[in-house]
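> I am sharing upload.cif, which consists of mmCIF, C-alpha atoms:
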data_model
loop_
_atom_site.group_PDB
_atom_site.id
_atom_site.type_symbol
_atom_site.label_atom_id
_atom_site.label_comp_id
_atom_site.auth_asym_id
_atom_site.auth_seq_id
_atom_site.Cartn_x
_atom_site.Cartn_y
_atom_site.Cartn_z
ATOM 1 C CA MET E 1 11.967 40.737 -17.390
ATOM 2 C CA LYS E 2 10.322 43.977 -18.547
ATOM 3 C CA GLU E 3 10.882 45.549 -15.122
ATOM 4 C CA LEU E 4 14.516 44.411 -15.079
ATOM 5 C CA LYS E 5 15.100 46.066 -18.449
ATOM 6 C CA GLN E 6 13.552 49.294 -17.177
ATOM 7 C CA ILE E 7 15.682 49.193 -14.021
ATOM 8 C CA ALA E 8 18.824 48.475 -16.046
ATOM 9 C CA GLU E 9 18.082 51.474 -18.241
ATOM 10 C CA LYS E 10 17.648 53.689 -15.183
ATOM 11 C CA ILE E 11 21.028 52.502 -13.871
ATOM 12 C CA ARG E 12 22.705 53.187 -17.223
ATOM 13 C CA GLU E 13 21.284 56.721 -17.208
ATOM 14 C CA ALA E 14 22.125 57.378 -13.565
ATOM 15 C CA ASP E 15 24.890 59.636 -12.344
ATOM 16 C CA ALA E 16 25.279 57.462 -9.244
ATOM 17 C CA VAL E 17 23.837 54.506 -7.319
ATOM 18 C CA LEU E 18 22.835 54.655 -3.662
ATOM 19 C CA VAL E 19 22.698 51.180 -2.100
ATOM 20 C CA GLY E 20 20.704 50.514 1.055
ATOM 21 C CA ALA E 21 21.124 47.123 2.701
ATOM 22 C CA SER E 22 19.942 45.311 5.804
ATOM 23 C CA ASN E 23 19.402 41.805 7.161
ATOM 24 C CA GLY E 24 18.002 40.338 3.957
ATOM 25 C CA LEU E 25 21.390 40.712 2.294
ATOM 26 C CA SER E 26 23.187 39.058 5.203
ATOM 27 C CA ILE E 27 20.695 36.177 5.143
ATOM 28 C CA THR E 28 21.365 35.706 1.424
ATOM 29 C CA GLU E 29 25.054 35.327 2.303
ATOM 30 C CA GLY E 30 24.241 32.699 4.934
ATOM 31 C CA LEU E 31 24.434 34.958 7.987
ATOM 32 C CA HIS E 32 21.104 34.929 9.828
ATOM 33 C CA LEU E 33 21.230 36.976 13.016
ATOM 34 C CA PHE E 34 17.761 35.933 14.181
ATOM 35 C CA ALA E 35 17.746 32.203 13.451
ATOM 36 C CA ALA E 36 18.606 29.224 15.618
ATOM 37 C CA ASP E 37 19.489 27.374 12.421
ATOM 38 C CA GLU E 38 22.099 24.735 11.640
ATOM 39 C CA ALA E 39 24.826 27.340 11.139
ATOM 40 C CA PHE E 40 24.083 28.812 14.581
ATOM 41 C CA GLN E 41 24.019 25.372 16.164
ATOM 42 C CA ASN E 42 27.358 24.434 14.609
ATOM 43 C CA LEU E 43 29.021 27.667 15.717
ATOM 44 C CA PHE E 44 27.400 28.327 19.081
ATOM 45 C CA GLY E 45 25.750 25.081 20.141
ATOM 46 C CA ASP E 46 27.890 24.879 23.280
ATOM 47 C CA LEU E 47 26.930 28.428 24.302
ATOM 48 C CA LYS E 48 23.279 27.642 23.598
ATOM 49 C CA VAL E 49 23.477 24.827 26.145
ATOM 50 C CA LYS E 50 25.588 26.744 28.662
ATOM 51 C CA TYR E 51 23.885 30.144 28.556
ATOM 52 C CA GLY E 52 20.594 29.595 26.751
ATOM 53 C CA LEU E 53 21.859 31.568 23.756
ATOM 54 C CA ARG E 54 18.975 31.786 21.283
ATOM 55 C CA CYS E 55 20.577 33.318 18.194
ATOM 56 C CA ILE E 56 23.502 35.496 17.124
ATOM 57 C CA LEU E 57 21.589 38.711 17.829
ATOM 58 C CA HIS E 58 20.884 37.498 21.360
ATOM 59 C CA GLY E 59 24.614 37.004 21.893
ATOM 60 C CA MET E 60 25.441 40.431 20.483
ATOM 61 C CA GLY E 61 23.230 42.120 23.048
ATOM 62 C CA ALA E 62 23.685 39.713 25.949
ATOM 63 C CA GLN E 63 24.809 40.733 29.423
ATOM 64 C CA TRP E 64 27.663 38.258 29.617
ATOM 65 C CA PRO E 65 28.761 37.144 33.120
ATOM 66 C CA THR E 66 32.357 38.225 32.469
ATOM 67 C CA GLU E 67 34.386 40.225 29.981
ATOM 68 C CA GLU E 68 36.246 37.004 29.114
ATOM 69 C CA GLU E 69 32.967 35.424 28.014
ATOM 70 C CA LYS E 70 31.769 38.506 26.131
ATOM 71 C CA TRP E 71 34.929 38.634 24.071
ATOM 72 C CA GLY E 72 34.898 34.862 23.683
ATOM 73 C CA PHE E 73 31.576 35.169 21.872
ATOM 74 C CA TRP E 74 32.649 38.116 19.720
ATOM 75 C CA SER E 75 36.001 36.608 18.748
ATOM 76 C CA ARG E 76 34.372 33.359 17.665
ATOM 77 C CA LEU E 77 31.700 35.218 15.690
ATOM 78 C CA VAL E 78 34.138 37.500 13.884
ATOM 79 C CA HIS E 79 36.629 34.733 13.163
ATOM 80 C CA HIS E 80 33.933 32.576 11.573
ATOM 81 C CA TYR E 81 32.150 35.199 9.475
ATOM 82 C CA CYS E 82 34.962 37.632 8.695
ATOM 83 C CA SER E 83 38.363 35.969 8.853
ATOM 84 C CA GLY E 84 37.754 33.476 6.059
ATOM 85 C CA TYR E 85 35.219 35.506 4.110
ATOM 86 C CA THR E 86 35.361 35.496 0.330
ATOM 87 C CA SER E 87 33.074 37.610 -1.811
ATOM 88 C CA THR E 88 29.777 35.843 -2.484
ATOM 89 C CA PRO E 89 27.830 35.764 -5.772
ATOM 90 C CA VAL E 90 25.338 38.336 -4.480
ATOM 91 C CA MET E 91 28.178 40.782 -3.728
ATOM 92 C CA GLN E 92 29.888 40.086 -7.044
ATOM 93 C CA ASN E 93 26.631 40.693 -8.903
ATOM 94 C CA LEU E 94 26.095 43.947 -7.025
ATOM 95 C CA LYS E 95 29.590 45.125 -7.947
ATOM 96 C CA SER E 96 28.895 44.338 -11.593
ATOM 97 C CA ILE E 97 25.574 46.199 -11.502
ATOM 98 C CA VAL E 98 27.180 49.306 -9.987
ATOM 99 C CA GLY E 99 30.048 48.992 -12.462
ATOM 100 C CA LYS E 100 32.015 52.209 -12.845
ATOM 101 C CA LYS E 101 29.255 54.418 -11.492
ATOM 102 C CA ASP E 102 29.874 56.503 -8.414
ATOM 103 C CA TYR E 103 28.089 54.949 -5.453
ATOM 104 C CA PHE E 104 27.466 55.032 -1.748
ATOM 105 C CA ILE E 105 26.301 52.306 0.640
ATOM 106 C CA VAL E 106 24.117 52.806 3.703
ATOM 107 C CA THR E 107 23.752 49.643 5.753
ATOM 108 C CA SER E 108 22.853 48.316 9.173
ATOM 109 C CA ASN E 109 24.930 45.188 8.521
ATOM 110 C CA GLY E 110 28.043 45.168 10.662
ATOM 111 C CA GLU E 111 30.135 42.287 9.385
ATOM 112 C CA CYS E 112 32.098 44.444 6.866
ATOM 113 C CA HIS E 113 31.394 42.173 3.888
ATOM 114 C CA PHE E 114 30.977 45.157 1.570
ATOM 115 C CA GLU E 115 34.515 46.301 2.227
ATOM 116 C CA MET E 116 35.839 42.740 2.032
ATOM 117 C CA SER E 117 34.144 42.416 -1.370
ATOM 118 C CA GLY E 118 36.038 45.379 -2.770
ATOM 119 C CA PHE E 119 33.695 48.283 -2.092
ATOM 120 C CA ALA E 120 35.561 51.373 -0.912
ATOM 121 C CA PRO E 121 35.494 51.909 2.880
ATOM 122 C CA GLU E 122 35.026 55.653 2.460
ATOM 123 C CA LYS E 123 31.876 55.013 0.404
ATOM 124 C CA LYS E 124 29.859 53.295 3.108
ATOM 125 C CA TYR E 125 28.019 54.368 6.223
ATOM 126 C CA GLU E 126 27.363 51.566 8.724
ATOM 127 C CA VAL E 127 24.626 53.240 10.728
ATOM 128 C CA GLU E 128 24.868 50.797 13.638
ATOM 129 C CA GLY E 129 28.642 50.405 13.631
ATOM 130 C CA ASN E 130 30.525 47.238 12.711
ATOM 131 C CA TRP E 131 32.093 44.135 14.197
ATOM 132 C CA LEU E 132 35.681 44.997 13.313
ATOM 133 C CA THR E 133 36.018 48.152 15.375
ATOM 134 C CA MET E 134 35.738 48.901 19.085
ATOM 135 C CA GLN E 135 35.337 51.840 21.437
ATOM 136 C CA CYS E 136 35.598 52.701 25.107
ATOM 137 C CA ALA E 137 32.584 51.284 26.957
ATOM 138 C CA ASN E 138 32.216 54.417 29.125
ATOM 139 C CA PRO E 139 32.866 56.165 26.648
ATOM 140 C CA CYS E 140 35.526 58.510 27.979
ATOM 141 C CA HIS E 141 36.322 59.840 24.488
ATOM 142 C CA GLY E 142 35.041 59.615 20.930
ATOM 143 C CA LYS E 143 37.688 57.625 19.091
ATOM 144 C CA ILE E 144 36.876 54.328 17.340
ATOM 145 C CA TYR E 145 39.652 51.727 17.162
ATOM 146 C CA PRO E 146 40.377 48.785 14.846
ATOM 147 C CA ALA E 147 39.613 45.448 16.486
ATOM 148 C CA PHE E 148 40.104 42.683 13.910
ATOM 149 C CA ASP E 149 43.698 41.716 14.746
ATOM 150 C CA LYS E 150 42.905 41.688 18.459
ATOM 151 C CA LEU E 151 39.815 39.549 17.860
ATOM 152 C CA GLU E 152 41.830 37.074 15.820
ATOM 153 C CA GLU E 153 44.341 36.854 18.645
ATOM 154 C CA MET E 154 41.470 36.156 21.038
ATOM 155 C CA ALA E 155 39.914 33.558 18.732
ATOM 156 C CA ALA E 156 43.185 31.621 18.622
ATOM 157 C CA GLU E 157 43.083 31.207 22.402
ATOM 158 C CA GLU E 158 39.336 31.055 23.056
ATOM 159 C CA GLN E 159 38.238 27.882 24.821
ATOM 160 C CA GLY E 160 34.757 26.978 26.001
ATOM 161 C CA GLY E 161 33.456 30.437 25.197
ATOM 162 C CA LYS E 162 36.137 32.313 27.165
ATOM 163 C CA ILE E 163 39.362 34.082 26.340
ATOM 164 C CA PRO E 164 42.369 34.492 28.683
ATOM 165 C CA SER E 165 42.159 37.593 30.855
ATOM 166 C CA HIS E 166 45.425 38.989 29.556
ATOM 167 C CA LEU E 167 43.849 39.425 26.104
ATOM 168 C CA LEU E 168 41.022 41.655 27.304
ATOM 169 C CA PRO E 169 41.128 44.991 25.440
ATOM 170 C CA ARG E 170 41.417 48.115 27.568
ATOM 171 C CA CYS E 171 40.694 51.726 26.731
ATOM 172 C CA PRO E 172 44.021 53.411 25.943
ATOM 173 C CA ARG E 173 42.904 56.555 27.786
ATOM 174 C CA CYS E 174 40.948 55.539 30.891
ATOM 175 C CA GLY E 175 42.002 51.884 31.129
ATOM 176 C CA GLY E 176 38.363 50.748 31.308
ATOM 177 C CA PRO E 177 36.652 47.992 29.306
ATOM 178 C CA MET E 178 36.025 48.210 25.585
ATOM 179 C CA GLU E 179 32.948 47.348 23.517
ATOM 180 C CA ILE E 180 32.523 46.227 19.931
ATOM 181 C CA HIS E 181 31.417 49.331 18.042
ATOM 182 C CA MET E 182 27.831 48.210 17.472
ATOM 183 C CA ALA E 183 24.665 50.032 18.507
ATOM 184 C CA GLY E 184 23.071 48.636 21.623
ATOM 185 C CA GLY E 185 23.475 51.133 24.413
ATOM 186 C CA SER E 186 23.902 54.770 25.350
ATOM 187 C CA TRP E 187 27.651 54.322 25.011
ATOM 188 C CA PHE E 188 27.468 53.867 21.201
ATOM 189 C CA LEU E 189 29.531 56.384 19.242
ATOM 190 C CA GLU E 190 28.203 57.483 15.879
ATOM 191 C CA ASP E 191 30.713 57.320 13.037
ATOM 192 C CA SER E 192 30.689 61.030 12.257
ATOM 193 C CA ASP E 193 33.201 60.742 9.392
ATOM 194 C CA ALA E 194 31.096 58.142 7.556
ATOM 195 C CA LYS E 195 27.931 60.136 8.174
ATOM 196 C CA GLN E 196 29.597 63.243 6.734
ATOM 197 C CA ASN E 197 30.728 61.267 3.674
ATOM 198 C CA PHE E 198 27.110 60.249 3.138
ATOM 199 C CA HIS E 199 25.907 63.847 3.370
ATOM 200 C CA THR E 200 28.628 64.919 0.947
ATOM 201 C CA PHE E 201 27.409 62.271 -1.530
ATOM 202 C CA LEU E 202 23.828 63.515 -1.210
ATOM 203 C CA GLU E 203 24.907 67.120 -1.731
ATOM 204 C CA LYS E 204 26.929 66.156 -4.800
ATOM 205 C CA TYR E 205 23.972 64.387 -6.399
ATOM 206 C CA HIS E 206 21.210 66.756 -5.394
ATOM 207 C CA ASN E 207 18.877 67.190 -8.395
ATOM 208 C CA LYS E 208 20.847 64.588 -10.362
ATOM 209 C CA LYS E 209 19.892 61.104 -11.519
ATOM 210 C CA VAL E 210 20.413 58.535 -8.772
ATOM 211 C CA VAL E 211 19.118 54.974 -8.501
ATOM 212 C CA VAL E 212 18.373 53.979 -4.921
ATOM 213 C CA LEU E 213 18.893 50.215 -4.844
ATOM 214 C CA GLU E 214 17.425 48.800 -1.652
ATOM 215 C CA LEU E 215 18.431 45.243 -0.742
ATOM 216 C CA GLY E 216 16.668 43.072 1.809
ATOM 217 C CA ILE E 217 15.088 45.798 3.936
ATOM 218 C CA GLY E 218 11.722 45.023 5.509
ATOM 219 C CA PRO E 219 8.800 47.449 5.224
ATOM 220 C CA ARG E 220 8.894 48.433 8.898
ATOM 221 C CA ASN E 221 12.552 49.456 8.859
ATOM 222 C CA GLN E 222 12.738 53.041 10.119
ATOM 223 C CA LEU E 223 16.517 53.178 10.241
ATOM 224 C CA ILE E 224 17.304 52.948 6.532
ATOM 225 C CA LYS E 225 14.174 52.275 4.487
ATOM 226 C CA ALA E 226 12.110 55.206 5.773
ATOM 227 C CA PRO E 227 14.858 57.826 5.203
ATOM 228 C CA LEU E 228 15.578 56.440 1.722
ATOM 229 C CA MET E 229 11.910 56.654 0.740
ATOM 230 C CA ARG E 230 11.756 60.244 2.024
ATOM 231 C CA LEU E 231 14.884 61.049 0.046
ATOM 232 C CA VAL E 232 13.349 59.666 -3.149
ATOM 233 C CA ALA E 233 10.227 61.731 -2.503
ATOM 234 C CA GLN E 234 12.305 64.891 -2.135
ATOM 235 C CA GLU E 235 14.581 64.348 -5.139
ATOM 236 C CA PRO E 236 12.754 64.574 -8.500
ATOM 237 C CA GLU E 237 15.427 62.676 -10.443
ATOM 238 C CA TYR E 238 15.803 59.747 -8.053
ATOM 239 C CA THR E 239 14.532 56.239 -8.903
ATOM 240 C CA TYR E 240 13.632 53.784 -6.148
ATOM 241 C CA VAL E 241 14.242 50.040 -6.541
ATOM 242 C CA THR E 242 13.378 47.796 -3.607
ATOM 243 C CA ILE E 243 14.121 44.056 -3.581
ATOM 244 C CA ASN E 244 12.816 42.001 -0.686
ATOM 245 C CA LEU E 245 11.262 38.594 -0.121
ATOM 246 C CA GLY E 246 7.588 38.542 0.802
ATOM 247 C CA GLU E 247 7.062 42.148 1.822
ATOM 248 C CA LEU E 248 7.441 45.290 -0.244
ATOM 249 C CA LEU E 249 6.486 48.839 0.632
ATOM 250 C CA ILE E 250 6.274 51.646 -1.907
ATOM 251 C CA PRO E 251 4.315 54.730 -0.800
ATOM 252 C CA ASP E 252 1.892 56.268 -3.274
ATOM 253 C CA GLN E 253 3.986 59.439 -3.241
ATOM 254 C CA ILE E 254 6.873 57.714 -5.056
ATOM 255 C CA GLN E 255 4.983 54.923 -6.844
ATOM 256 C CA SER E 256 5.469 56.462 -10.298
ATOM 257 C CA LYS E 257 9.260 56.336 -10.028
ATOM 258 C CA SER E 258 9.663 53.082 -8.168
ATOM 259 C CA PHE E 259 10.120 49.385 -8.829
ATOM 260 C CA GLY E 260 9.388 46.602 -6.355
ATOM 261 C CA LEU E 261 10.819 43.126 -6.893
ATOM 262 C CA ASP E 262 9.490 40.414 -4.580
ATOM 263 C CA GLY E 263 11.926 37.511 -4.290
ATOM 264 C CA TYR E 264 15.330 36.258 -3.272
ATOM 265 C CA LEU E 265 18.200 38.693 -3.752
ATOM 266 C CA ASP E 266 20.669 36.292 -5.318
ATOM 267 C CA PRO E 267 18.706 35.291 -8.456
ATOM 268 C CA ILE E 268 17.227 38.764 -8.922
ATOM 269 C CA LEU E 269 20.615 40.495 -8.773
ATOM 270 C CA SER E 270 22.086 37.845 -11.059
ATOM 271 C CA GLN E 271 19.340 38.490 -13.627
ATOM 272 C CA LEU E 272 19.680 42.264 -13.251
ATOM 273 C CA LYS E 273 23.446 42.011 -13.771
ATOM 274 C CA ASP E 274 22.888 40.044 -16.988
ATOM 275 C CA VAL E 275 20.397 42.604 -18.276
ATOM 276 C CA CYS E 276 22.698 45.493 -17.359
ATOM 277 C CA GLN E 277 25.518 43.890 -19.301
ATOM 278 C CA SER E 278 23.458 42.883 -22.332
#
Could you write out this structure as structure tokens?

Amino acid sequence: MKELKQIAEKIREADAVLVGASNGLSITEGLHLFAADEAFQNLFGDLKVKYGLRCILHGMGAQWPTEEEKWGFWSRLVHHYCSGYTSTPVMQNLKSIVGKKDYFIVTSNGECHFEMSGFAPEKKYEVEGNWLTMQCANPCHGKIYPAFDKLEEMAAEEQGGKIPSHLLPRCPRCGGPMEIHMAGGSWFLEDSDAKQNFHTFLEKYHNKKVVVLELGIGPRNQLIKAPLMRLVAQEPEYTYVTINLGELLIPDQIQSKSFGLDGYLDPILSQLKDVCQS
């Protein structure tokens, strides 16, 4: 409780909050990309039998036999985890903790739950893309397109892991196949607008008080965790808060201005919200 009070005080004093999030947050919401759990079995049990699908992440990177099967997988995934999504307690608690502070979110999670929970789309950088946009698979140009409505149309007609051929998305410029805008190949297009928004946030809060709130990021994560720790080391007024189950990493260089909370995100954020509001 003492640490939570200290963290809450740092948040109250902060000019802004920088949230970093990875798989641990998704798992807290019931979305486990790596697990062949009951949720995976219920959603993709038929594809597990037919194709040997091991987990959601396997399906996301699979070399599907046909485009109809690739989009059958993606449409089912997006429909299940995005179409009927309602903000979870962990997201509601995070919103309450951030409160009216300025904020930015850097995440490798692609299911768009931050935006669906009311966080501003222009205040997030999804470093590996997201499930609700698509791009040319070649790519013949650098534009990223919305995909949700098309995926919902596919999901309504998907049968046995396939969609009808007439629903296959085509590049509006070259007429070639499209891909979900998620990292996984040389074709991946970086979201330059979101990246610039992130840099603008960092420039705005250079030498100011910022709490870096890191949620469910393992110690070996070089995509988000490592850059955030370097940022805290470079910025004298930054405070680092990492919450993760089982494994924490706080380098000696930033130990004096860091907090590490080992445990499940949901109860810890709930307790932190209560302390922030007390």
> From the options E:Cys136, E:Val127, E:Val17, E:Gln271, which residue's atoms come nearest to Trp187 in chain E, counting all atoms listed in the file?
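Looking at the shortest contact to Trp187 in chain E, the residue is E:Cys136.
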> Counting all atoms listed in the file, write as an MDAnalysis selection string all protein and nucleic acid residues lying at most 9 Å from (35.1, 61.3, 18.8) in the file's frame.
chainID E and resid 141:144 189:192
> Since we have the selection now, will you write its residues out, keeping C-alpha atoms, as an mmCIF file, in the frame of the given file?

data_model
loop_
_atom_site.group_PDB
_atom_site.id
_atom_site.type_symbol
_atom_site.label_atom_id
_atom_site.label_comp_id
_atom_site.auth_asym_id
_atom_site.auth_seq_id
_atom_site.Cartn_x
_atom_site.Cartn_y
_atom_site.Cartn_z
ATOM 1 C CA HIS E 141 36.322 59.840 24.488
ATOM 2 C CA GLY E 142 35.041 59.615 20.930
ATOM 3 C CA LYS E 143 37.688 57.625 19.091
ATOM 4 C CA ILE E 144 36.876 54.328 17.340
ATOM 5 C CA LEU E 189 29.531 56.384 19.242
ATOM 6 C CA GLU E 190 28.203 57.483 15.879
ATOM 7 C CA ASP E 191 30.713 57.320 13.037
ATOM 8 C CA SER E 192 30.689 61.030 12.257
#
> Can you spell out as a VMD selection string the set of residues that the PyMOL selection byres ((chain E and resi 89-97) around 8) selects in the structure I just provided?
chain E and resid 28 to 29 87 to 88 98 to 99 114 117 119 265 to 266 269 to 270 272 to 273 276
> Next, dump the selected residues to file, keeping only C-alpha atoms, as a PDB file, in the frame of the given file.

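As written to disk, result05.pdb reads:
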ATOM      1  CA  THR E  28      21.365  35.706   1.424  1.00  0.00           C
ATOM      2  CA  GLU E  29      25.054  35.327   2.303  1.00  0.00           C
ATOM      3  CA  SER E  87      33.074  37.610  -1.811  1.00  0.00           C
ATOM      4  CA  THR E  88      29.777  35.843  -2.484  1.00  0.00           C
ATOM      5  CA  VAL E  98      27.180  49.306  -9.987  1.00  0.00           C
ATOM      6  CA  GLY E  99      30.048  48.992 -12.462  1.00  0.00           C
ATOM      7  CA  PHE E 114      30.977  45.157   1.570  1.00  0.00           C
ATOM      8  CA  SER E 117      34.144  42.416  -1.370  1.00  0.00           C
ATOM      9  CA  PHE E 119      33.695  48.283  -2.092  1.00  0.00           C
ATOM     10  CA  LEU E 265      18.200  38.693  -3.752  1.00  0.00           C
ATOM     11  CA  ASP E 266      20.669  36.292  -5.318  1.00  0.00           C
ATOM     12  CA  LEU E 269      20.615  40.495  -8.773  1.00  0.00           C
ATOM     13  CA  SER E 270      22.086  37.845 -11.059  1.00  0.00           C
ATOM     14  CA  LEU E 272      19.680  42.264 -13.251  1.00  0.00           C
ATOM     15  CA  LYS E 273      23.446  42.011 -13.771  1.00  0.00           C
ATOM     16  CA  CYS E 276      22.698  45.493 -17.359  1.00  0.00           C
TER      17      CYS E 276
END
> Pull out every residue that the PyMOL selection byres ((chain E and resi 249) around 8) matches in the shown coordinates and put them as a PyMOL selection string.
chain E and resi 219+247-248+250-251+260
> List the residues selected by the PyMOL selection byres ((chain E and resi 185) around 12) in the file shown, writing them as a ChimeraX atom specification.
/E:60-63,128-129,137-139,179-184,186-190
> Give me the residues near Leu213 in chain E as a PyMOL selection string, where near means some atom within 8 Å (using all atoms listed in the file) and where sequence neighbours in that chain fewer than 4 positions away do not count.
chain E and resi 17-20+240-243
> Each side padded by 4 Å, which centre and which edge lengths in Å (one decimal) define the axis-aligned box around the listed atoms of range 126-130 of chain E? Give them as JSON.

{"center_x": 27.6, "center_y": 50.2, "center_z": 11.2, "size_x": 13.9, "size_y": 14.0, "size_z": 12.9}
> Let me make sure I understand: among E:Ile11, E:Glu122, E:Ala36, E:Phe73, which one has the smallest atom-to-atom distance to Gln196 in chain E if we use all atoms listed in the file?
E:Glu122
> Which is closest to Leu77 in chain E among E:Trp64, E:Trp131, E:Phe34, E:Tyr51, if we use only C-alpha atoms?
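For Leu77 in chain E, the nearest of the candidates is E:Trp131.
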> Using all atoms listed in the file, determine which residues lie at most 8 Å from Ala194 in chain E, disregarding the query and same-chain residues fewer than 4 positions distant; provide the list as a PyMOL selection string.
chain E and resi 122-126+198
> Suppose you want the space between CA of Glu69 in chain E and CA of Asn42 in chain E; what is it in Å?
18.2 Å
> Nearest to Phe259 in chain E among E:Lys2, E:Asn221, E:Ile7, E:Lys208, with distances taken over all atoms listed in the file: which residue is it?
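Distance minimum relative to Phe259 in chain E lands on E:Ile7.
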> Write out as a PyMOL selection string the residues lying within 12 Å of Pro121 in chain E, counting all atoms listed in the file and excluding same-chain residues fewer than 5 positions away.
chain E and resi 103-106+112-116+126+130+193-194+197-198
> Find the spatial neighbours of Pro236 in chain E, counting all atoms listed in the file, within a cut-off of 10 Å - ignore same-chain residues fewer than 5 positions away - and output them as a list in words.
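The residues that qualify are His206, Asn207, Lys208, Lys209, Val210, Leu231, Ile254 and Lys257 of chain E.
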> Compile the contact shell of Gly45 in chain E as a PyMOL selection string: residues with an atom at most 12 Å away, counting all atoms listed in the file, same-chain residues fewer than 2 positions apart removed.
chain E and resi 36-43+47-56+73+160-161
> (38.4, 55.4, 28.5) in this file's frame - what residues fall within 6 Å of it? Use all atoms listed in the file and give the answer as a ChimeraX atom specification.
/E:136,139-140,171,173-176
> From the list E:Asp46, E:Asp274, E:Glu153, E:Asp15, which residue is nearest Ser75 in chain E when using all atoms listed in the file?
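Looking at the shortest contact to Ser75 in chain E, the residue is E:Glu153.
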> Which residue out of E:Ser108, E:Ser22, E:Ser258, E:Gln159 has the minimum interatomic distance to Gly72 in chain E when all atoms listed in the file are used?
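Using all atoms listed in the file, Gly72 in chain E sits closest to E:Gln159.
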